[in-house]
>>> print(open('input37.pdb').read())   # PDB, C-alpha atoms
ATOM      1  CA  MET A 230      95.689  98.885  89.395
ATOM      2  CA  SER A 231      94.139 102.077  88.116
ATOM      3  CA  VAL A 232      92.066 104.461  90.190
ATOM      4  CA  ALA A 233      88.368 103.845  89.751
ATOM      5  CA  ASP A 234      86.420 106.063  87.372
ATOM      6  CA  PRO A 235      84.645 108.604  89.623
ATOM      7  CA  ARG A 236      81.703 108.701  87.218
ATOM      8  CA  LYS A 237      80.959 105.058  88.080
ATOM      9  CA  MET A 238      81.249 105.396  91.855
ATOM     10  CA  SER A 239      78.291 105.021  94.147
ATOM     11  CA  THR A 240      76.937 107.939  96.117
ATOM     12  CA  THR A 241      78.504 106.481  99.275
ATOM     13  CA  THR A 242      81.988 107.373  98.044
ATOM     14  CA  LYS A 243      83.341 110.905  98.312
ATOM     15  CA  VAL A 244      85.616 112.073  95.520
ATOM     16  CA  PHE A 245      88.047 114.975  95.594
ATOM     17  CA  ASP A 246      91.060 116.128  93.620
ATOM     18  CA  ASP A 247      94.512 116.991  94.968
ATOM     19  CA  LYS A 248      97.606 117.564  92.851
ATOM     20  CA  ASP A 249      95.840 116.270  89.739
ATOM     21  CA  VAL A 250      95.306 112.865  91.364
ATOM     22  CA  THR A 251      91.782 111.581  91.891
ATOM     23  CA  ARG A 252      91.424 109.967  95.305
ATOM     24  CA  PHE A 253      88.569 108.088  96.835
ATOM     25  CA  VAL A 254      87.723 107.632 100.482
ATOM     26  CA  VAL A 255      86.771 104.169 101.632
ATOM     27  CA  PRO A 256      83.186 103.736 102.820
ATOM     28  CA  VAL A 257      82.696 102.199 106.252
ATOM     29  CA  GLY A 258      82.898  98.431 106.054
ATOM     30  CA  SER A 259      84.805  98.398 102.763
ATOM     31  CA  ASP A 260      87.356  95.651 102.167
ATOM     32  CA  LEU A 261      89.363  97.889  99.836
ATOM     33  CA  HIS A 262      92.617  97.193 101.684
ATOM     34  CA  SER A 263      92.397  93.428 101.499
ATOM     35  CA  ARG A 264      95.153  91.813  99.454
ATOM     36  CA  SER A 265      92.700  90.760  96.750
ATOM     37  CA  ALA A 266      91.531  94.348  96.342
ATOM     38  CA  THR A 267      94.954  95.991  96.339
ATOM     39  CA  LYS A 268      97.207  93.552  94.505
ATOM     40  CA  PHE A 269      99.138  95.305  91.740
ATOM     41  CA  GLY A 270     100.027  93.574  88.486
ATOM     42  CA  HIS A 271     103.434  93.534  86.800
ATOM     43  CA  ALA A 272     102.335  95.924  84.068
ATOM     44  CA  GLU A 273     100.862  98.393  86.543
ATOM     45  CA  ILE A 274     103.979  98.537  88.701
ATOM     46  CA  SER A 275     106.143  98.806  85.596
ATOM     47  CA  GLY A 276     104.009 101.732  84.458
ATOM     48  CA  TYR A 277     104.399 103.554  87.765
ATOM     49  CA  ILE A 278     108.168 103.003  87.794
ATOM     50  CA  ASN A 279     108.615 104.059  84.175
ATOM     51  CA  SER A 280     106.557 107.188  84.838
ATOM     52  CA  PHE A 281     108.799 108.062  87.785
ATOM     53  CA  LEU A 282     111.974 107.509  85.755
ATOM     54  CA  HIS A 283     110.670 109.515  82.807
ATOM     55  CA  ARG A 284     109.569 112.477  84.905
ATOM     56  CA  CYS A 285     112.970 112.626  86.615
ATOM     57  CA  GLY A 286     114.875 112.142  83.361
ATOM     58  CA  PHE A 287     116.468 108.905  84.549
ATOM     59  CA  VAL A 288     117.548 106.055  82.292
ATOM     60  CA  HIS A 289     116.451 102.507  83.133
ATOM     61  CA  ALA A 290     119.998 101.200  83.406
ATOM     62  CA  GLY A 291     122.403 100.153  86.126
ATOM     63  CA  ARG A 292     126.016  99.022  86.329
ATOM     64  CA  SER A 293     126.760  95.514  87.521
ATOM     65  CA  ASP A 294     130.470  95.442  86.649
ATOM     66  CA  PHE A 295     131.532  95.636  90.287
ATOM     67  CA  ALA A 296     132.991  92.157  90.821
ATOM     68  CA  GLU A 297     136.383  93.595  91.788
ATOM     69  CA  MET A 298     134.949  95.892  94.456
ATOM     70  CA  GLU A 299     132.749  93.080  95.732
ATOM     71  CA  SER A 300     135.818  90.855  96.132
ATOM     72  CA  GLU A 301     137.650  93.645  97.949
ATOM     73  CA  CYS A 302     134.722  94.218 100.304
ATOM     74  CA  LEU A 303     134.483  90.501 100.992
ATOM     75  CA  ALA A 304     138.197  90.422 101.822
ATOM     76  CA  ILE A 305     137.737  93.337 104.230
ATOM     77  CA  SER A 306     134.733  91.592 105.776
ATOM     78  CA  ILE A 307     136.743  88.435 106.380
ATOM     79  CA  ALA A 308     139.682  90.394 107.802
ATOM     80  CA  ARG A 309     137.383  92.289 110.189
ATOM     81  CA  GLU A 310     135.480  89.096 111.030
ATOM     82  CA  TYR A 311     132.161  90.273 109.669
ATOM     83  CA  VAL A 312     132.295  86.923 107.892
ATOM     84  CA  ILE A 313     133.597  84.031 109.974
ATOM     85  CA  PRO A 314     133.606  80.263 109.367
ATOM     86  CA  GLU A 315     130.779  79.632 111.807
ATOM     87  CA  ASP A 316     128.657  82.537 110.548
ATOM     88  CA  ASN A 317     128.882  83.821 106.986
ATOM     89  CA  SER A 318     125.368  85.314 106.914
ATOM     90  CA  PHE A 319     126.756  88.809 106.308
ATOM     91  CA  ARG A 320     128.227  87.713 102.995
ATOM     92  CA  ARG A 321     124.895  87.790 101.167
ATOM     93  CA  PHE A 322     124.385  91.460 102.051
ATOM     94  CA  ILE A 323     127.646  92.618 100.480
ATOM     95  CA  PRO A 324     126.459  92.692  96.827
ATOM     96  CA  THR A 325     123.676  95.174  97.622
ATOM     97  CA  GLY A 326     126.053  97.473  99.477
ATOM     98  CA  VAL A 327     128.557  97.288  96.643
ATOM     99  CA  ALA A 328     125.830  97.966  94.078
ATOM    100  CA  ILE A 329     124.883 101.279  95.695
ATOM    101  CA  ALA A 330     128.493 102.387  96.147
ATOM    102  CA  TRP A 331     129.443 101.455  92.589
ATOM    103  CA  ASN A 332     126.398 103.003  90.931
ATOM    104  CA  ALA A 333     125.523 106.012  93.080
ATOM    105  CA  TYR A 334     128.988 107.037  94.273
ATOM    106  CA  HIS A 335     131.155 106.104  91.325
ATOM    107  CA  HIS A 336     131.986 109.791  90.904
ATOM    108  CA  LEU A 337     133.794 109.963  94.253
ATOM    109  CA  PRO A 338     137.581 110.039  93.814
ATOM    110  CA  ASP A 339     138.340 108.149  97.048
ATOM    111  CA  LYS A 340     137.816 104.419  96.502
ATOM    112  CA  GLN A 341     138.200 103.763 100.229
ATOM    113  CA  THR A 342     135.162 105.944 100.843
ATOM    114  CA  GLN A 343     133.244 103.971  98.218
ATOM    115  CA  LYS A 344     134.071 100.739 100.038
ATOM    116  CA  TYR A 345     133.109 102.325 103.352
ATOM    117  CA  ILE A 346     129.695 103.237 101.903
ATOM    118  CA  ALA A 347     129.325  99.702 100.550
ATOM    119  CA  LEU A 348     130.068  98.015 103.864
ATOM    120  CA  LEU A 349     128.088 100.502 105.944
ATOM    121  CA  THR A 350     125.084  99.920 103.682
ATOM    122  CA  SER A 351     125.527  96.161 104.008
ATOM    123  CA  LEU A 352     125.567  96.493 107.795
ATOM    124  CA  PHE A 353     122.460  98.690 107.743
ATOM    125  CA  ILE A 354     120.593  96.104 105.670
ATOM    126  CA  TYR A 355     121.839  93.308 107.916
ATOM    127  CA  ALA A 356     120.492  95.153 110.961
ATOM    128  CA  GLU A 357     117.171  95.714 109.208
ATOM    129  CA  ASP A 358     116.725  92.122 108.039
ATOM    130  CA  MET A 359     118.334  89.928 110.682
ATOM    131  CA  PHE A 360     116.976  91.106 114.049
ATOM    132  CA  LYS A 361     113.242  90.640 113.672
ATOM    133  CA  ASP A 362     113.409  87.909 116.328
ATOM    134  CA  ASN A 363     116.045  89.661 118.421
ATOM    135  CA  ASN A 364     114.661  93.159 118.814
ATOM    136  CA  ASP A 365     116.111  93.518 122.308
ATOM    137  CA  ALA A 366     119.560  93.787 120.739
ATOM    138  CA  ILE A 367     118.332  96.604 118.488
ATOM    139  CA  LEU A 368     116.615  98.471 121.312
ATOM    140  CA  ALA A 369     119.779  98.304 123.427
ATOM    141  CA  PHE A 370     122.033  99.657 120.662
ATOM    142  CA  HIS A 371     121.968 103.362 121.547
ATOM    143  CA  GLY A 372     122.767 103.053 125.225
ATOM    144  CA  LEU A 373     125.603 100.633 124.584
ATOM    145  CA  PHE A 374     126.918 102.787 121.728
ATOM    146  CA  ILE A 375     126.982 105.934 123.866
ATOM    147  CA  ARG A 376     128.734 104.139 126.730
ATOM    148  CA  ARG A 377     131.142 102.381 124.339
ATOM    149  CA  GLN A 378     130.064  99.020 125.720
ATOM    150  CA  PRO A 379     129.796  95.756 123.762
ATOM    151  CA  GLN A 380     126.584  95.302 121.831
ATOM    152  CA  LYS A 381     124.277  92.313 122.278
ATOM    153  CA  HIS A 382     125.284  90.878 118.910
ATOM    154  CA  ARG A 383     128.685  90.823 117.280
ATOM    155  CA  MET A 384     127.392  92.352 114.023
ATOM    156  CA  LEU A 385     126.020  95.316 115.934
ATOM    157  CA  ASP A 386     129.500  95.772 117.393
ATOM    158  CA  HIS A 387     130.790  95.999 113.834
ATOM    159  CA  LEU A 388     128.100  98.534 112.926
ATOM    160  CA  ALA A 389     128.974 100.631 115.979
ATOM    161  CA  ASN A 390     132.648 100.608 114.997
ATOM    162  CA  MET A 391     131.782 101.687 111.456
ATOM    163  CA  LEU A 392     129.841 104.663 112.797
ATOM    164  CA  LEU A 393     132.751 105.627 115.030
ATOM    165  CA  ASP A 394     134.967 105.560 111.941
ATOM    166  CA  LEU A 395     132.700 107.900 109.980
ATOM    167  CA  PRO A 396     134.837 111.037 110.601
ATOM    168  CA  SER A 397     137.720 109.296 108.807
ATOM    169  CA  HIS A 398     135.726 109.357 105.573
ATOM    170  CA  PHE A 399     134.014 112.733 105.792
ATOM    171  CA  PRO A 400     135.344 116.172 106.752
ATOM    172  CA  PRO A 401     134.778 116.820 110.480
ATOM    173  CA  THR A 402     131.872 119.236 110.206
ATOM    174  CA  SER A 403     128.344 119.417 111.568
ATOM    175  CA  ALA A 404     127.431 117.036 108.754
ATOM    176  CA  VAL A 405     129.147 114.169 110.584
ATOM    177  CA  ASN A 406     126.968 114.806 113.628
ATOM    178  CA  ILE A 407     123.864 114.744 111.440
ATOM    179  CA  MET A 408     125.011 111.514 109.793
ATOM    180  CA  ILE A 409     125.595 109.751 113.108
ATOM    181  CA  SER A 410     122.257 110.995 114.447
ATOM    182  CA  ALA A 411     120.554 109.717 111.291
ATOM    183  CA  SER A 412     122.193 106.327 111.719
ATOM    184  CA  LEU A 413     120.945 106.098 115.289
ATOM    185  CA  ASN A 414     117.479 107.116 114.113
ATOM    186  CA  PHE A 415     117.644 104.287 111.607
ATOM    187  CA  ILE A 416     118.308 101.795 114.396
ATOM    188  CA  THR A 417     115.375 103.271 116.326
ATOM    189  CA  ALA A 418     113.167 102.838 113.262
ATOM    190  CA  VAL A 419     114.249  99.206 112.912
ATOM    191  CA  GLY A 420     113.216  98.621 116.515
ATOM    192  CA  LEU A 421     109.839 100.239 115.890
ATOM    193  CA  GLU A 422     109.285  98.268 112.701
ATOM    194  CA  ASN A 423     110.206  94.998 114.387
ATOM    195  CA  GLY A 424     107.507  95.769 116.926
ATOM    196  CA  SER A 425     105.023  96.815 114.201
ATOM    197  CA  VAL A 426     104.654 100.143 115.975
ATOM    198  CA  VAL A 427     104.660 102.476 112.981
ATOM    199  CA  PHE A 428     102.196 100.938 110.559
ATOM    200  CA  SER A 429      98.693 101.807 111.801
ATOM    201  CA  PRO A 430      98.520 105.537 112.552
ATOM    202  CA  PRO A 431      95.038 107.079 112.844
ATOM    203  CA  ALA A 432      93.694 109.315 110.107
ATOM    204  CA  SER A 433      94.368 112.402 112.232
ATOM    205  CA  ALA A 434      98.112 111.575 112.214
ATOM    206  CA  SER A 435      98.474 112.168 108.486
ATOM    207  CA  ARG A 436     102.078 113.375 108.769
ATOM    208  CA  TYR A 437     103.297 110.381 110.739
ATOM    209  CA  PRO A 438     103.952 108.001 107.807
ATOM    210  CA  ALA A 439     106.367 110.462 106.190
ATOM    211  CA  TYR A 440     108.050 111.147 109.543
ATOM    212  CA  ALA A 441     108.561 107.447 110.202
ATOM    213  CA  ARG A 442     109.894 106.950 106.682
ATOM    214  CA  MET A 443     112.460 109.715 107.073
ATOM    215  CA  MET A 444     113.611 108.174 110.336
ATOM    216  CA  SER A 445     114.095 104.766 108.736
ATOM    217  CA  GLY A 446     115.739 106.016 105.563
ATOM    218  CA  VAL A 447     119.152 107.070 106.944
ATOM    219  CA  SER A 448     119.012 109.416 103.959
ATOM    220  CA  GLU A 449     121.164 112.132 105.502
ATOM    221  CA  VAL A 450     124.126 109.770 105.347
ATOM    222  CA  TYR A 451     123.578 109.010 101.685
ATOM    223  CA  ALA A 452     122.918 112.673 100.874
ATOM    224  CA  PHE A 453     126.088 114.050 102.440
ATOM    225  CA  PHE A 454     128.291 111.417 100.827
ATOM    226  CA  ILE A 455     127.150 112.631  97.390
ATOM    227  CA  PHE A 456     129.480 115.603  97.422
ATOM    228  CA  THR A 457     133.245 115.654  97.059
ATOM    229  CA  PRO A 458     135.258 117.183  99.943
ATOM    230  CA  ASN A 459     136.114 120.344  98.001
ATOM    231  CA  ILE A 460     132.460 121.472  97.955
ATOM    232  CA  PRO A 461     131.522 123.631 100.980
ATOM    233  CA  LEU A 462     128.758 122.306 103.212
ATOM    234  CA  ASP A 463     126.738 125.510 102.955
ATOM    235  CA  VAL A 464     126.355 124.960  99.205
ATOM    236  CA  TYR A 465     124.305 121.773  99.522
ATOM    237  CA  LEU A 466     122.956 121.833 103.079
ATOM    238  CA  PRO A 467     119.853 123.837 102.016
ATOM    239  CA  ALA A 468     118.963 120.997  99.634
ATOM    240  CA  LEU A 469     119.158 118.350 102.367
ATOM    241  CA  PRO A 470     115.407 118.083 103.153
ATOM    242  CA  ASP A 471     114.562 117.557  99.490
ATOM    243  CA  MET A 472     117.439 115.126  98.994
ATOM    244  CA  MET A 473     116.139 113.151 101.966
ATOM    245  CA  THR A 474     112.663 112.995 100.463
ATOM    246  CA  HIS A 475     113.922 111.942  97.059
ATOM    247  CA  ILE A 476     116.297 109.301  98.432
ATOM    248  CA  CYS A 477     113.646 107.734 100.668
ATOM    249  CA  TYR A 478     110.751 107.928  98.240
ATOM    250  CA  ALA A 479     112.757 106.769  95.223
ATOM    251  CA  ASN A 480     113.652 103.691  97.241
ATOM    252  CA  ASP A 481     109.987 103.163  98.117
ATOM    253  CA  ILE A 482     109.036 103.363  94.451
ATOM    254  CA  LEU A 483     111.831 101.148  93.166
ATOM    255  CA  SER A 484     111.452  98.539  95.925
ATOM    256  CA  PHE A 485     107.667  98.398  95.639
ATOM    257  CA  TYR A 486     107.733  95.524  93.145
ATOM    258  CA  LYS A 487     109.712  93.151  95.352
ATOM    259  CA  GLU A 488     107.537  94.054  98.327
ATOM    260  CA  GLU A 489     104.364  93.343  96.356
ATOM    261  CA  LEU A 490     105.761  89.952  95.392
ATOM    262  CA  ALA A 491     106.405  89.229  99.067
ATOM    263  CA  GLY A 492     102.963  90.471 100.108
ATOM    264  CA  GLU A 493     104.500  93.167 102.302
ATOM    265  CA  GLU A 494     102.246  95.994 103.431
ATOM    266  CA  GLU A 495     104.495  97.464 106.123
ATOM    267  CA  ASN A 496     105.815 100.180 103.839
ATOM    268  CA  LEU A 497     105.160 103.840 103.139
ATOM    269  CA  VAL A 498     102.637 103.267 100.353
ATOM    270  CA  TYR A 499     100.325 101.006 102.323
ATOM    271  CA  THR A 500     100.775 102.989 105.536
ATOM    272  CA  LEU A 501      99.747 106.178 103.743
ATOM    273  CA  ALA A 502      96.782 104.390 102.195
ATOM    274  CA  ARG A 503      95.548 103.058 105.537
ATOM    275  CA  CYS A 504      96.120 106.344 107.340
ATOM    276  CA  ARG A 505      94.335 108.493 104.762
ATOM    277  CA  GLY A 506      91.663 106.045 103.687
ATOM    278  CA  VAL A 507      92.719 106.011 100.045
ATOM    279  CA  HIS A 508      93.506 103.248  97.613
ATOM    280  CA  PRO A 509      97.184 102.146  97.609
ATOM    281  CA  SER A 510      97.471 103.166  93.962
ATOM    282  CA  VAL A 511      96.654 106.740  94.994
ATOM    283  CA  ALA A 512      99.251 106.608  97.761
ATOM    284  CA  LEU A 513     101.864 105.244  95.353
ATOM    285  CA  GLN A 514     101.138 108.047  92.894
ATOM    286  CA  GLU A 515     101.480 110.586  95.697
ATOM    287  CA  VAL A 516     104.874 109.162  96.659
ATOM    288  CA  ILE A 517     105.975 109.407  93.025
ATOM    289  CA  ASP A 518     104.751 113.003  92.749
ATOM    290  CA  ASP A 519     106.590 113.988  95.933
ATOM    291  CA  ALA A 520     109.804 112.235  94.852
ATOM    292  CA  VAL A 521     109.783 113.960  91.469
ATOM    293  CA  ALA A 522     109.041 117.375  92.985
ATOM    294  CA  ALA A 523     111.821 116.977  95.558
ATOM    295  CA  HIS A 524     114.308 115.951  92.854
ATOM    296  CA  ARG A 525     113.463 119.016  90.786
ATOM    297  CA  ARG A 526     113.852 121.315  93.786
ATOM    298  CA  VAL A 527     117.287 119.853  94.508
ATOM    299  CA  LEU A 528     118.336 120.537  90.922
ATOM    300  CA  GLU A 529     117.095 124.114  91.190
ATOM    301  CA  THR A 530     118.848 124.682  94.528
ATOM    302  CA  LEU A 531     122.177 123.320  93.308
ATOM    303  CA  MET A 532     122.093 124.750  89.788
ATOM    304  CA  PRO A 533     124.183 127.860  90.633
ATOM    305  CA  HIS A 534     126.969 125.585  91.925
ATOM    306  CA  LYS A 535     128.234 123.464  89.037
ATOM    307  CA  ALA A 536     130.393 121.048  91.038
ATOM    308  CA  ALA A 537     127.619 120.266  93.521
ATOM    309  CA  PHE A 538     125.019 120.073  90.748
ATOM    310  CA  ASP A 539     127.135 117.612  88.763
ATOM    311  CA  CYS A 540     127.726 115.419  91.821
ATOM    312  CA  TYR A 541     124.018 115.247  92.551
ATOM    313  CA  VAL A 542     123.044 114.487  88.950
ATOM    314  CA  GLN A 543     125.537 111.619  88.833
ATOM    315  CA  PHE A 544     124.303 110.325  92.169
ATOM    316  CA  ALA A 545     120.603 110.550  91.299
ATOM    317  CA  GLN A 546     120.948 108.532  88.098
ATOM    318  CA  GLY A 547     123.317 106.122  89.824
ATOM    319  CA  TYR A 548     120.944 105.682  92.761
ATOM    320  CA  THR A 549     118.278 104.575  90.314
ATOM    321  CA  GLY A 550     120.853 102.377  88.616
ATOM    322  CA  PHE A 551     121.683 100.764  91.951
ATOM    323  CA  HIS A 552     118.115  99.539  92.332
ATOM    324  CA  ILE A 553     118.101  98.265  88.765
ATOM    325  CA  ALA A 554     121.474  96.522  89.070
ATOM    326  CA  SER A 555     120.806  94.969  92.478
ATOM    327  CA  LYS A 556     119.156  91.554  92.442
ATOM    328  CA  ARG A 557     117.518  92.493  95.744
ATOM    329  CA  TYR A 558     114.884  94.582  93.936
ATOM    330  CA  ARG A 559     114.174  92.170  91.031
ATOM    331  CA  LEU A 560     113.451  95.004  88.605
ATOM    332  CA  ASP A 561     114.893  93.017  85.707
ATOM    333  CA  GLU A 562     111.708  90.932  85.865
ATOM    334  CA  LEU A 563     109.699  93.963  84.746
ATOM    335  CA  GLN A 564     111.744  94.396  81.585
ATOM    336  CA  GLY A 565     110.622  91.205  79.897
TER
END
>>> encode(input="input37.pdb", output="structure tokens")
Amino acid sequence: MSVADPRKMSTTTKVFDDKDVTRFVVPVGSDLHSRSATKFGHAEISGYINSFLHRCGFVHAGRSDFAEMESECLAISIAREYVIPEDNSFRRFIPTGVAIAWNAYHHLPDKQTQKYIALLTSLFIYAEDMFKDNNDAILAFHGLFIRRQPQKHRMLDHLANMLLDLPSHFPPTSAVNIMISASLNFITAVGLENGSVVFSPPASASRYPAYARMMSGVSEVYAFFIFTPNIPLDVYLPALPDMMTHICYANDILSFYKEELAGEEENLVYTLARCRGVHPSVALQEVIDDAVAAHRRVLETLMPHKAAFDCYVQFAQGYTGFHIASKRYRLDELQG
């Protein structure tokens, strides 16, 4: 859906330009945010995604040759009783976790770390998807985790154990503390989302949508895992804020199609649109602009350090490839 031509707007609509994007403010009583008014078509979403990929220099390709790793992760899941005869619901989350590890972290030399990333991601997605009717278990996670007490659901026990094992897969630096804090923030965000707390901020709270998105993105974990252990933390730590933005916003862009198909509006794009009184297409373009700008700043920050730069470049293309390769995001449907 394209932004309306400002020359054809009525005098009740105020137009202004910001970052070369024309925005329009919704008049009082407008039904602009109804589903009929905001529904995006296949071609429009494909255009936005292709623009994002082109501006970042990414190729629309992903690797799906990860059957061996998927089998290994399933075997680990059975051995650890993530998957049990009476409950194999976790099994369907494994392919997505494997897809991100295989595509975005294929450059890591330690295959055990790749499998850790795959299973941790699968547990994150499980927590996000499977507790909408059991939010009490999510809200209790932190207190039980800190006291080392059993969680209110066996899969949350497994997630807690994975977080406790994080120092085994990453050098014991301040980064580990940030990663664990980010993981706990993610659980907090899941609890907020389950309660629909974060999706209707007032116009005066214009920074809240981005704040809530960073909290839910667990992007610090994925950012720190990009780099091989031989690269000093102080080389890439300054790029962390921009890596967080790119990781979160790239996911918002590349998952937007599946969310449109499901009629979901509890996401960054629609939250920004409601908060700022702009059309969702304007909010989506803003997310793309911010993701591209953050990616370019990361490249500039890391450019003097070849090893770190190369790791990030491989990750960034692979992270895009993960979304393309994963059936969860259904992006193959846009290639027809």
>>> closest_residue(input="input37.pdb", among="A:Thr474, A:Ser484, A:Ser293, A:Ser397", to="A:Met444", atoms="all atoms listed in the file")
A:Thr474
>>> closest_residue(input="input37.pdb", among="A:Ser412, A:Leu469, A:Arg376, A:Cys285", to="A:Ala522", atoms="all atoms listed in the file")
A:Cys285
>>> resolve_selection(input="input37.pdb", expression="the PyMOL selection byres ((chain A and resi 439-441) around 12)", output="ChimeraX atom specification")
/A:414-415,417-422,425-430,434-438,442-447,470,473-475,477-478,481,495-501,504,512,515-516,519-520
>>> closest_residue(input="input37.pdb", among="A:Gly506, A:Gly291, A:Gly372, A:Gly286", to="A:His335", atoms="only C-alpha atoms")
A:Gly291
>>> residues_around(input="input37.pdb", residues="A:Val542", least_positions_apart="2", cutoff="10 Å", atoms="only C-alpha atoms", output="JSON, numbers by chain")
{"A": [287, 333, 455, 524, 527, 528, 531, 537, 538, 539, 540, 544, 545, 546, 547, 548]}
>>> atom_distance(input="input37.pdb", atom1="atom CA of A:Ile553", atom2="atom CA of A:Ala290")
6.4 Å
